[in-house]
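Have a look at target_0.csv below; it lists CSV, C-alpha atoms.
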```csv
chain,number,residue,atom,x,y,z
A,588,MET,CA,0.0,0.0,0.0
A,589,ALA,CA,1.0,3.6,-0.3
A,590,THR,CA,3.2,5.0,2.4
A,591,VAL,CA,1.7,7.6,4.8
A,592,ALA,CA,4.2,10.2,5.8
A,593,GLU,CA,4.1,12.3,8.9
A,594,VAL,CA,3.6,16.0,8.6
A,595,PRO,CA,6.8,17.6,10.0
A,596,GLY,CA,6.9,20.0,12.9
A,597,ASP,CA,6.2,19.6,16.6
A,598,ARG,CA,4.5,22.9,17.4
A,599,LEU,CA,1.1,24.1,16.2
A,600,PRO,CA,1.2,27.8,15.4
A,601,HIS,CA,-1.9,29.7,16.6
A,602,PRO,CA,-3.2,32.3,14.2
A,603,ARG,CA,-3.8,35.6,16.0
A,604,TRP,CA,-7.2,36.0,14.4
A,605,LEU,CA,-8.4,32.7,15.9
A,606,SER,CA,-8.6,34.1,19.4
A,607,SER,CA,-12.1,35.3,20.3
A,608,ALA,CA,-10.4,38.1,22.3
A,609,ASN,CA,-8.6,39.4,19.2
A,610,ASP,CA,-11.5,40.9,17.2
A,611,ARG,CA,-9.4,43.4,15.3
A,612,ASP,CA,-7.2,40.7,13.7
A,613,TYR,CA,-10.2,38.5,13.1
A,614,ARG,CA,-12.1,41.3,11.3
A,615,ARG,CA,-9.1,42.1,9.1
A,616,TRP,CA,-8.7,38.4,8.1
A,617,ARG,CA,-12.4,37.9,7.7
A,618,ASP,CA,-12.9,40.9,5.4
A,619,ALA,CA,-9.9,39.9,3.2
A,620,ARG,CA,-11.2,36.3,2.9
A,621,LEU,CA,-14.8,37.4,1.9
A,622,ALA,CA,-13.5,40.1,-0.5
A,623,ARG,CA,-11.5,37.5,-2.5
A,624,TYR,CA,-13.8,34.6,-2.4
A,625,PRO,CA,-15.1,33.5,-5.8
A,626,LEU,CA,-18.8,34.1,-6.5
A,627,ARG,CA,-18.9,31.8,-9.5
A,628,VAL,CA,-17.4,28.3,-9.8
A,629,GLU,CA,-15.9,29.2,-13.2
A,630,GLU,CA,-13.5,31.5,-11.4
A,631,LEU,CA,-11.8,28.4,-10.0
A,632,LEU,CA,-11.1,26.7,-13.3
A,633,VAL,CA,-7.5,26.4,-14.7
A,634,GLU,CA,-6.6,24.7,-17.9
A,635,ILE,CA,-3.6,22.4,-17.6
A,636,ARG,CA,-1.8,21.2,-20.7
A,637,ASP,CA,0.1,18.4,-19.1
A,638,PRO,CA,-0.1,17.2,-15.5
A,639,PHE,CA,3.4,15.9,-15.7
A,640,ARG,CA,4.8,19.3,-16.6
A,641,VAL,CA,2.8,22.0,-15.0
A,642,THR,CA,4.0,25.4,-16.3
A,643,PRO,CA,4.9,28.3,-14.0
A,644,ALA,CA,1.8,30.1,-15.2
A,645,GLU,CA,-0.5,27.1,-14.5
A,646,HIS,CA,1.1,26.6,-11.1
A,647,ALA,CA,0.6,30.2,-10.2
A,648,ALA,CA,-3.1,30.1,-11.3
A,649,ILE,CA,-3.8,27.0,-9.2
A,650,MET,CA,-2.1,28.5,-6.2
A,651,SER,CA,-4.0,31.8,-6.6
A,652,ARG,CA,-7.3,30.0,-6.5
A,653,CYS,CA,-6.3,27.9,-3.5
A,654,ASP,CA,-5.2,31.1,-1.7
A,655,ARG,CA,-8.7,32.5,-2.4
A,656,ALA,CA,-10.9,29.5,-1.7
A,657,ASN,CA,-8.7,26.5,-0.6
A,658,MET,CA,-9.5,24.8,-3.8
A,659,ALA,CA,-9.0,25.0,-7.6
A,660,LEU,CA,-10.7,23.2,-10.5
A,661,TYR,CA,-8.6,22.1,-13.4
A,662,ALA,CA,-9.1,20.5,-16.8
A,663,PHE,CA,-6.8,18.6,-19.1
A,664,GLY,CA,-7.6,16.4,-22.1
A,665,LEU,CA,-4.7,13.9,-22.1
A,666,MET,CA,-4.7,10.2,-21.1
A,667,LYS,CA,-8.4,9.6,-21.3
A,668,GLN,CA,-8.0,6.0,-22.5
A,669,ASP,CA,-4.9,5.0,-20.5
A,670,GLU,CA,-5.7,4.5,-16.8
A,671,LEU,CA,-2.2,3.8,-15.7
A,672,LEU,CA,-0.9,7.0,-17.3
A,673,LEU,CA,-3.8,9.0,-15.9
A,674,ARG,CA,-3.2,7.7,-12.4
A,675,ALA,CA,0.5,8.6,-12.7
A,676,GLY,CA,-0.4,12.0,-14.0
A,677,LEU,CA,-2.7,12.6,-11.0
A,678,LEU,CA,0.0,11.7,-8.6
A,679,SER,CA,2.5,14.0,-10.4
A,680,LEU,CA,0.0,16.8,-10.3
A,681,GLY,CA,-0.5,16.4,-6.6
A,682,ALA,CA,3.3,16.3,-5.9
A,683,THR,CA,3.7,19.5,-7.9
A,684,PHE,CA,1.8,21.2,-5.1
A,685,GLY,CA,3.6,19.5,-2.2
A,686,LEU,CA,1.2,16.6,-1.8
A,687,ARG,CA,3.1,13.4,-1.4
A,688,ALA,CA,1.9,12.0,2.0
A,689,ILE,CA,-0.9,9.8,0.7
A,690,GLU,CA,-3.5,8.4,3.0
A,691,ASP,CA,-3.3,4.6,3.3
A,692,HIS,CA,-7.0,4.0,2.5
A,693,ARG,CA,-8.6,0.5,2.6
A,694,SER,CA,-10.0,0.8,-0.9
A,695,ALA,CA,-7.0,2.3,-2.6
A,696,GLY,CA,-4.8,0.7,-5.2
A,697,THR,CA,-1.1,0.2,-4.6
A,698,ASP,CA,-0.5,3.8,-5.7
A,699,GLY,CA,-3.0,5.2,-3.1
A,700,ILE,CA,-5.7,6.1,-5.6
A,701,VAL,CA,-9.3,5.1,-5.0
A,702,ARG,CA,-11.8,4.5,-7.8
A,703,ILE,CA,-15.1,6.1,-6.9
A,704,GLU,CA,-17.7,4.2,-8.8
A,705,VAL,CA,-20.9,2.1,-8.2
A,706,VAL,CA,-19.9,-1.4,-7.0
A,707,ASN,CA,-22.1,-4.4,-6.0
A,708,GLU,CA,-19.5,-6.7,-4.5
A,709,GLY,CA,-16.2,-6.7,-2.8
A,710,GLY,CA,-14.8,-4.6,0.1
A,711,ARG,CA,-16.3,-1.3,-1.2
A,712,ASN,CA,-19.9,-2.8,-1.4
A,713,GLY,CA,-22.3,-1.2,1.0
A,714,TYR,CA,-20.4,2.1,1.5
A,715,ILE,CA,-22.2,5.1,0.2
A,716,PRO,CA,-19.5,6.6,-2.0
A,717,TYR,CA,-19.6,3.5,-4.1
A,718,THR,CA,-23.4,3.8,-4.8
A,719,ASP,CA,-25.4,6.2,-6.8
A,720,ARG,CA,-27.1,7.6,-3.7
A,721,PRO,CA,-26.6,11.2,-2.6
A,722,ILE,CA,-23.9,12.0,-0.1
A,723,SER,CA,-24.5,14.7,2.5
A,724,TRP,CA,-22.1,17.5,3.3
A,725,HIS,CA,-18.7,16.4,4.7
A,726,THR,CA,-15.0,16.8,4.6
A,727,ASP,CA,-13.0,13.7,3.6
A,728,GLY,CA,-11.6,11.4,6.3
A,729,TYR,CA,-13.7,12.8,9.1
A,730,TYR,CA,-13.9,9.3,10.6
A,731,ASN,CA,-10.1,8.9,10.6
A,732,PHE,CA,-8.8,11.9,12.6
A,733,HIS,CA,-6.0,11.3,15.0
A,734,SER,CA,-4.5,14.8,15.4
A,735,PRO,CA,-4.1,18.0,13.4
A,736,ARG,CA,-0.9,16.5,11.9
A,737,ARG,CA,-2.4,13.0,11.3
A,738,CYS,CA,-5.6,13.6,9.3
A,739,VAL,CA,-6.7,14.2,5.8
A,740,GLY,CA,-5.6,17.7,5.0
A,741,ALA,CA,-5.9,17.8,1.2
A,742,MET,CA,-7.6,15.9,-1.6
A,743,LEU,CA,-7.5,15.5,-5.4
A,744,LEU,CA,-10.7,14.3,-7.2
A,745,HIS,CA,-10.6,13.7,-10.9
A,746,CYS,CA,-13.6,12.9,-13.2
A,747,ALA,CA,-13.0,10.2,-15.8
A,748,ARG,CA,-16.7,9.6,-16.6
A,749,SER,CA,-19.6,11.7,-15.6
A,750,ALA,CA,-23.2,10.5,-14.9
A,751,GLU,CA,-25.9,10.9,-17.4
A,752,GLN,CA,-28.1,12.6,-14.8
A,753,GLY,CA,-27.1,14.0,-11.5
A,754,GLY,CA,-23.7,13.6,-9.7
A,755,GLU,CA,-23.3,17.3,-9.0
A,756,ASN,CA,-21.2,18.6,-6.1
A,757,ARG,CA,-21.7,21.6,-3.8
A,758,LEU,CA,-18.5,23.2,-2.5
A,759,LEU,CA,-17.6,25.5,0.4
A,760,ASP,CA,-14.3,26.6,1.9
A,761,PRO,CA,-14.2,25.6,5.6
A,762,GLU,CA,-12.8,29.1,6.3
A,763,ILE,CA,-16.0,30.6,5.0
A,764,ALA,CA,-18.1,28.2,7.1
A,765,TYR,CA,-16.0,29.4,10.1
A,766,ILE,CA,-16.6,33.0,9.3
A,767,LYS,CA,-20.4,32.6,8.9
A,768,LEU,CA,-20.6,30.6,12.2
A,769,ARG,CA,-18.4,33.1,14.1
A,770,ASP,CA,-20.4,36.0,12.8
A,771,ASP,CA,-23.6,34.3,13.8
A,772,ASP,CA,-22.4,33.5,17.4
A,773,PRO,CA,-18.7,33.3,18.5
A,774,ALA,CA,-19.8,30.6,21.0
A,775,HIS,CA,-20.4,28.3,18.0
A,776,ILE,CA,-16.6,28.2,17.4
A,777,GLY,CA,-15.7,27.3,21.0
A,778,ALA,CA,-18.2,24.4,20.8
A,779,LEU,CA,-16.9,23.1,17.5
A,780,MET,CA,-13.3,23.4,18.6
A,781,HIS,CA,-13.9,21.2,21.6
A,782,PRO,CA,-11.6,18.1,21.4
A,783,ALA,CA,-14.7,15.8,21.8
A,784,ALA,CA,-17.2,17.8,19.7
A,785,MET,CA,-17.9,15.0,17.2
A,786,SER,CA,-17.5,11.2,17.6
A,787,ILE,CA,-17.8,8.5,15.0
A,788,PRO,CA,-18.7,5.1,16.6
A,789,GLU,CA,-16.7,1.9,16.1
A,790,ASN,CA,-17.3,0.2,12.8
A,791,ALA,CA,-16.9,-3.6,12.4
A,792,GLU,CA,-16.6,-5.0,8.9
A,793,GLU,CA,-17.5,-8.4,7.5
A,794,SER,CA,-13.8,-9.2,7.2
A,795,GLY,CA,-13.4,-8.8,10.9
A,796,ALA,CA,-11.5,-5.6,10.6
A,797,ILE,CA,-12.5,-3.0,13.2
A,798,ARG,CA,-12.3,0.8,12.9
A,799,PRO,CA,-12.2,2.1,16.5
A,800,VAL,CA,-14.3,5.0,17.7
A,801,ASN,CA,-12.9,8.3,16.4
A,802,VAL,CA,-13.3,11.4,18.6
A,803,GLY,CA,-12.2,14.9,17.7
A,804,PRO,CA,-13.0,18.5,17.1
A,805,VAL,CA,-14.8,20.0,14.0
A,806,PHE,CA,-12.4,23.0,13.7
A,807,PHE,CA,-8.7,22.7,14.5
A,808,VAL,CA,-5.4,24.3,13.7
A,809,HIS,CA,-3.2,22.5,11.2
A,810,PRO,CA,0.6,22.3,11.8
A,811,SER,CA,1.0,25.0,9.0
A,812,GLY,CA,-1.1,27.4,11.1
A,813,ALA,CA,-4.1,27.1,8.7
A,814,LEU,CA,-7.6,26.3,9.9
A,815,GLY,CA,-8.6,22.7,9.3
A,816,MET,CA,-12.1,21.1,9.5
A,817,ARG,CA,-13.6,17.7,10.2
A,818,TYR,CA,-17.3,17.3,9.6
A,819,THR,CA,-20.2,15.2,8.4
A,820,ALA,CA,-23.8,16.1,8.1
A,821,ARG,CA,-24.9,12.4,8.3
A,822,LYS,CA,-27.5,11.6,10.9
A,823,ARG,CA,-26.7,8.0,11.6
A,824,ASN,CA,-23.6,6.6,13.2
A,825,ILE,CA,-22.4,10.0,14.6
A,826,LEU,CA,-22.5,11.3,18.1
A,827,TRP,CA,-22.3,15.0,18.9
A,828,ARG,CA,-21.1,16.3,22.3
A,829,ASP,CA,-24.2,16.4,24.5
A,830,ASP,CA,-24.5,20.1,25.4
A,831,GLU,CA,-26.8,22.9,24.3
A,832,GLN,CA,-24.2,25.1,22.6
A,833,THR,CA,-22.9,22.2,20.5
A,834,ARG,CA,-26.5,21.6,19.3
A,835,LYS,CA,-26.9,25.2,18.4
A,836,ALA,CA,-23.6,25.3,16.5
A,837,VAL,CA,-24.4,22.1,14.5
A,838,ALA,CA,-27.9,23.5,13.6
A,839,ALA,CA,-26.3,26.8,12.5
A,840,LEU,CA,-23.7,25.0,10.4
A,841,GLU,CA,-26.4,22.9,8.7
A,842,ARG,CA,-28.4,26.1,7.9
A,843,ILE,CA,-25.3,27.8,6.4
A,844,LEU,CA,-24.5,24.8,4.2
A,845,ASP,CA,-28.1,24.7,2.9
A,846,THR,CA,-28.7,28.4,2.3
A,847,ASP,CA,-25.5,30.4,2.0
A,848,PRO,CA,-25.0,32.2,-1.3
A,849,LEU,CA,-21.3,31.5,-1.3
A,850,VAL,CA,-21.9,27.8,-1.8
A,851,LEU,CA,-20.6,26.8,-5.2
A,852,ARG,CA,-22.0,24.1,-7.5
A,853,ILE,CA,-20.4,22.0,-10.2
A,854,LYS,CA,-20.9,18.9,-12.2
A,855,MET,CA,-17.5,17.9,-13.3
A,856,SER,CA,-17.0,16.7,-16.9
A,857,PRO,CA,-14.5,14.1,-18.0
A,858,GLY,CA,-11.0,15.5,-17.8
A,859,GLN,CA,-11.9,17.9,-15.0
A,860,GLY,CA,-10.9,17.7,-11.4
A,861,MET,CA,-10.5,19.5,-8.1
A,862,ILE,CA,-7.4,19.9,-6.0
A,863,CYS,CA,-8.2,21.3,-2.5
A,864,ASN,CA,-7.4,21.6,1.1
A,865,ASN,CA,-10.2,19.2,2.1
A,866,VAL,CA,-13.1,21.6,1.5
A,867,LEU,CA,-16.7,20.9,2.4
A,868,HIS,CA,-18.6,19.1,-0.3
A,869,ASP,CA,-21.5,16.9,-1.0
A,870,ARG,CA,-22.8,14.9,-4.0
A,871,SER,CA,-26.3,14.6,-5.5
A,872,GLY,CA,-27.7,11.2,-6.4
A,873,PHE,CA,-27.1,10.2,-10.0
A,874,ARG,CA,-28.0,7.8,-12.8
A,875,SER,CA,-25.7,6.4,-15.5
A,876,ALA,CA,-25.8,4.0,-18.4
A,877,ALA,CA,-25.4,0.5,-17.3
A,878,ASP,CA,-22.4,-0.2,-19.5
A,879,GLU,CA,-20.3,2.8,-18.6
A,880,GLY,CA,-21.1,4.4,-15.3
A,881,ARG,CA,-19.7,7.4,-13.4
A,882,LEU,CA,-16.1,7.1,-12.5
A,883,LEU,CA,-13.9,9.4,-10.4
A,884,TYR,CA,-10.4,8.9,-9.1
A,885,ARG,CA,-9.6,10.2,-5.6
A,886,VAL,CA,-6.4,10.7,-3.7
A,887,ARG,CA,-6.3,11.9,-0.1
A,888,TYR,CA,-3.3,13.4,1.6
A,889,HIS,CA,-1.9,14.2,5.0
A,890,GLY,CA,-0.6,17.8,4.7
A,891,ARG,CA,-1.9,20.7,2.7
A,892,ILE,CA,-1.2,22.3,-0.7
A,893,CYS,CA,2.0,24.4,-0.5
A,894,ARG,CA,4.5,26.1,-2.7
A,895,PRO,CA,7.8,24.4,-3.6
A,896,GLU,CA,9.8,26.5,-1.2
A,897,ASN,CA,7.6,25.2,1.7
```
Would you encode the structure as structure tokens?
Amino acid sequence: MATVAEVPGDRLPHPRWLSSANDRDYRRWRDARLARYPLRVEELLVEIRDPFRVTPAEHAAIMSRCDRANMALYAFGLMKQDELLLRAGLLSLGATFGLRAIEDHRSAGTDGIVRIEVVNEGGRNGYIPYTDRPISWHTDGYYNFHSPRRCVGAMLLHCARSAEQGGENRLLDPEIAYIKLRDDDPAHIGALMHPAAMSIPENAEESGAIRPVNVGPVFFVHPSGALGMRYTARKRNILWRDDEQTRKAVAALERILDTDPLVLRIKMSPGQGMICNNVLHDRSGFRSAADEGRLLYRVRYHGRICRPEN
């Protein structure tokens, strides 16, 4: 399986704006984030000629969009019929942006890439990403959080085949969710940064493998000093901390994700993909032709998108 590397560093920097007592720095950071945030999903799109040889201009364009929204959408038309070459290209593209510490996922190939498609048998059968059903709002790897340096910090999602109907994604930068929650009530943030805010119960598989209970915060500070998020809107197999403020914060977040005008929407076409710092996203249900269904490739990383000098 792919090797999972540790994120270096033994101290977690604490952004000055994160303190509830430092309203001036928060307002400065907040206003800058909102002023630059894209209002249309097309603003995130970058054409890439060759994922093995990203040009300086293409690299700068991807980084600019990630600086604005923690995500960028890309499109390239090469390697449509060659899966091995495509998979190698996706790994090369991620590495270009500092993403090399690949999560060791149970459904990944030896290169760490997971095929997201409808399956009716095998180890992926029964898990909702491998069905045509809708998936509620979440960040990836929310059930596998061990610490801010040992969690899914970034993701690459590439569309090889789209669905005939449905299969759209809604997207939102976690920093925007943080802003909307803090503006609504600063106490929401304290509740969702509690180290036991959200728990995912133990999961036992038919094979006998057991994923232990996973407990952690919703918002946390990544070793880079950036804000990270761990969240799922699912109603089953999730336990929230049993206090009134947490319930209020969860309800406020659900409302924001359902109604906020900054939520972006896209249905990716073949050759399009997203590279992101594990942003909030969902997926609508879909329907595909029986002979050639929807297929996406996903890579999840420990660490975040960074420039070469980092």
query = What is the distance, in Å and to one decimal place, between CA of Ser651 in chain A and CA of Cys863 in chain A?
reply =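 Those two atoms sit 12.0 Å apart.
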note = Of A:Met816, A:Cys746, A:Ile700, A:Ile787, the one sitting nearest Lys854 in chain A when using only C-alpha atoms is A:Cys746
ask   = Counting all atoms listed in the file, which of A:Arg603, A:Asn864, A:Tyr714, A:Ser723 gets nearest to Arg615 in chain A?
value =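 Going through A:Arg603, A:Asn864, A:Tyr714, A:Ser723 one by one, the smallest distance to Arg615 in chain A is for A:Arg603.
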Would you mind listing what lies within 12 Å of Arg620 in chain A as a PDB file with C-alpha atoms, keeping the file's coordinate frame, with only C-alpha atoms counted and same-chain residues fewer than 2 positions away left out?
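Produced file result-v8.pdb, reproduced below:
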```pdb
ATOM      1  CA  TYR A 613     -10.200  38.500  13.100  1.00  0.00           C
ATOM      2  CA  ARG A 614     -12.100  41.300  11.300  1.00  0.00           C
ATOM      3  CA  ARG A 615      -9.100  42.100   9.100  1.00  0.00           C
ATOM      4  CA  TRP A 616      -8.700  38.400   8.100  1.00  0.00           C
ATOM      5  CA  ARG A 617     -12.400  37.900   7.700  1.00  0.00           C
ATOM      6  CA  ASP A 618     -12.900  40.900   5.400  1.00  0.00           C
ATOM      7  CA  ALA A 622     -13.500  40.100  -0.500  1.00  0.00           C
ATOM      8  CA  ARG A 623     -11.500  37.500  -2.500  1.00  0.00           C
ATOM      9  CA  TYR A 624     -13.800  34.600  -2.400  1.00  0.00           C
ATOM     10  CA  PRO A 625     -15.100  33.500  -5.800  1.00  0.00           C
ATOM     11  CA  ARG A 652      -7.300  30.000  -6.500  1.00  0.00           C
ATOM     12  CA  CYS A 653      -6.300  27.900  -3.500  1.00  0.00           C
ATOM     13  CA  ASP A 654      -5.200  31.100  -1.700  1.00  0.00           C
ATOM     14  CA  ARG A 655      -8.700  32.500  -2.400  1.00  0.00           C
ATOM     15  CA  ALA A 656     -10.900  29.500  -1.700  1.00  0.00           C
ATOM     16  CA  ASN A 657      -8.700  26.500  -0.600  1.00  0.00           C
ATOM     17  CA  ASP A 760     -14.300  26.600   1.900  1.00  0.00           C
ATOM     18  CA  PRO A 761     -14.200  25.600   5.600  1.00  0.00           C
ATOM     19  CA  GLU A 762     -12.800  29.100   6.300  1.00  0.00           C
ATOM     20  CA  ILE A 763     -16.000  30.600   5.000  1.00  0.00           C
ATOM     21  CA  ALA A 764     -18.100  28.200   7.100  1.00  0.00           C
ATOM     22  CA  TYR A 765     -16.000  29.400  10.100  1.00  0.00           C
ATOM     23  CA  ILE A 766     -16.600  33.000   9.300  1.00  0.00           C
ATOM     24  CA  LYS A 767     -20.400  32.600   8.900  1.00  0.00           C
ATOM     25  CA  LEU A 849     -21.300  31.500  -1.300  1.00  0.00           C
TER      26      LEU A 849
END
```
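Closest approach to Pro716 in chain A from the set A:His781, A:Arg881, A:Arg891, A:Lys822 is made by A:Arg881, with distances taken over all atoms listed in the file.
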request  = Would you be able to write out as a list in words which residues have an atom within 7 Å of (-12.5, 3.0, 16.9) in the file's coordinates, counting only C-alpha atoms?
outcome  =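 Here is the list of nearby residues: Pro788, Glu789, Asn790, Arg798, Pro799, Val800 and Asn801 of chain A.
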Contact residues around Ala647 in chain A with all atoms listed in the file at 12 Å, ignoring same-chain residues under 2 positions, as a ChimeraX atom specification = /A:633-635,641-645,649-654,659,683-684,893-895
task = Could you check how far CA of Ser786 in chain A sits from CA of Tyr729 in chain A, in Å to one decimal?
result = 9.4 Å
key: Residues near Leu743 in chain A, cut-off 8 Å, all atoms listed in the file, skip fewer than 2 positions along chain, as a ChimeraX atom specification   = /A:677,681,741,745,860-863,885-887
Which centre and which edge lengths, in Å to one decimal, describe the axis-aligned box that holds all listed atoms of range 678-689 of chain A after 6 Å is added on each side, as AutoDock Vina command-line options?
```
--center_x 1.4 --center_y 15.5 --center_z -4.2 --size_x 16.6 --size_y 23.4 --size_z 24.4
```
d(CA of Ile843 in chain A, CA of Glu831 in chain A) in Å =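 Interatomic distance here is 18.6 Å.
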Where atoms are lacking, range 841-860 of chain A completed to N, CA and C atoms, as an mmCIF file, in the frame of the given file:
```
data_model
loop_
_atom_site.group_PDB
_atom_site.id
_atom_site.type_symbol
_atom_site.label_atom_id
_atom_site.label_comp_id
_atom_site.auth_asym_id
_atom_site.auth_seq_id
_atom_site.Cartn_x
_atom_site.Cartn_y
_atom_site.Cartn_z
ATOM 1 N N GLU A 841 -25.543 23.549 9.685
ATOM 2 C CA GLU A 841 -26.400 22.900 8.700
ATOM 3 C C GLU A 841 -27.208 23.995 7.927
ATOM 4 N N ARG A 842 -27.652 25.022 8.614
ATOM 5 C CA ARG A 842 -28.400 26.100 7.900
ATOM 6 C C ARG A 842 -27.494 26.842 6.941
ATOM 7 N N ILE A 843 -26.261 27.112 7.324
ATOM 8 C CA ILE A 843 -25.300 27.800 6.400
ATOM 9 C C ILE A 843 -25.074 26.983 5.173
ATOM 10 N N LEU A 844 -24.839 25.697 5.327
ATOM 11 C CA LEU A 844 -24.500 24.800 4.200
ATOM 12 C C LEU A 844 -25.737 24.719 3.241
ATOM 13 N N ASP A 845 -26.931 24.824 3.769
ATOM 14 C CA ASP A 845 -28.100 24.700 2.900
ATOM 15 C C ASP A 845 -28.528 26.001 2.248
ATOM 16 N N THR A 846 -28.119 27.144 2.798
ATOM 17 C CA THR A 846 -28.700 28.400 2.300
ATOM 18 C C THR A 846 -27.668 29.466 1.915
ATOM 19 N N ASP A 847 -26.413 29.323 2.259
ATOM 20 C CA ASP A 847 -25.500 30.400 2.000
ATOM 21 C C ASP A 847 -25.215 30.658 0.556
ATOM 22 N N PRO A 848 -25.235 31.917 0.107
ATOM 23 C CA PRO A 848 -25.000 32.200 -1.300
ATOM 24 C C PRO A 848 -23.606 31.943 -1.798
ATOM 25 N N LEU A 849 -22.649 31.772 -0.891
ATOM 26 C CA LEU A 849 -21.300 31.500 -1.300
ATOM 27 C C LEU A 849 -21.008 30.031 -1.607
ATOM 28 N N VAL A 850 -21.985 29.165 -1.372
ATOM 29 C CA VAL A 850 -21.900 27.800 -1.800
ATOM 30 C C VAL A 850 -21.794 27.685 -3.283
ATOM 31 N N LEU A 851 -20.786 26.989 -3.809
ATOM 32 C CA LEU A 851 -20.600 26.800 -5.200
ATOM 33 C C LEU A 851 -21.097 25.481 -5.706
ATOM 34 N N ARG A 852 -21.484 25.384 -6.965
ATOM 35 C CA ARG A 852 -22.000 24.100 -7.500
ATOM 36 C C ARG A 852 -21.347 23.794 -8.820
ATOM 37 N N ILE A 853 -21.057 22.494 -8.992
ATOM 38 C CA ILE A 853 -20.400 22.000 -10.200
ATOM 39 C C ILE A 853 -20.792 20.595 -10.508
ATOM 40 N N LYS A 854 -20.913 20.270 -11.784
ATOM 41 C CA LYS A 854 -20.900 18.900 -12.200
ATOM 42 C C LYS A 854 -19.690 18.722 -13.107
ATOM 43 N N MET A 855 -18.702 17.999 -12.609
ATOM 44 C CA MET A 855 -17.500 17.900 -13.300
ATOM 45 C C MET A 855 -17.634 17.024 -14.594
ATOM 46 N N SER A 856 -16.993 17.443 -15.665
ATOM 47 C CA SER A 856 -17.000 16.700 -16.900
ATOM 48 C C SER A 856 -15.717 15.876 -17.009
ATOM 49 N N PRO A 857 -15.696 14.864 -17.868
ATOM 50 C CA PRO A 857 -14.500 14.100 -18.000
ATOM 51 C C PRO A 857 -13.272 14.939 -18.335
ATOM 52 N N GLY A 858 -12.177 14.700 -17.606
ATOM 53 C CA GLY A 858 -11.000 15.500 -17.800
ATOM 54 C C GLY A 858 -10.874 16.643 -16.773
ATOM 55 N N GLN A 859 -11.951 16.910 -16.044
ATOM 56 C CA GLN A 859 -11.900 17.900 -15.000
ATOM 57 C C GLN A 859 -11.672 17.324 -13.654
ATOM 58 N N GLY A 860 -11.130 18.130 -12.759
ATOM 59 C CA GLY A 860 -10.900 17.700 -11.400
ATOM 60 C C GLY A 860 -10.770 18.805 -10.441
#
```
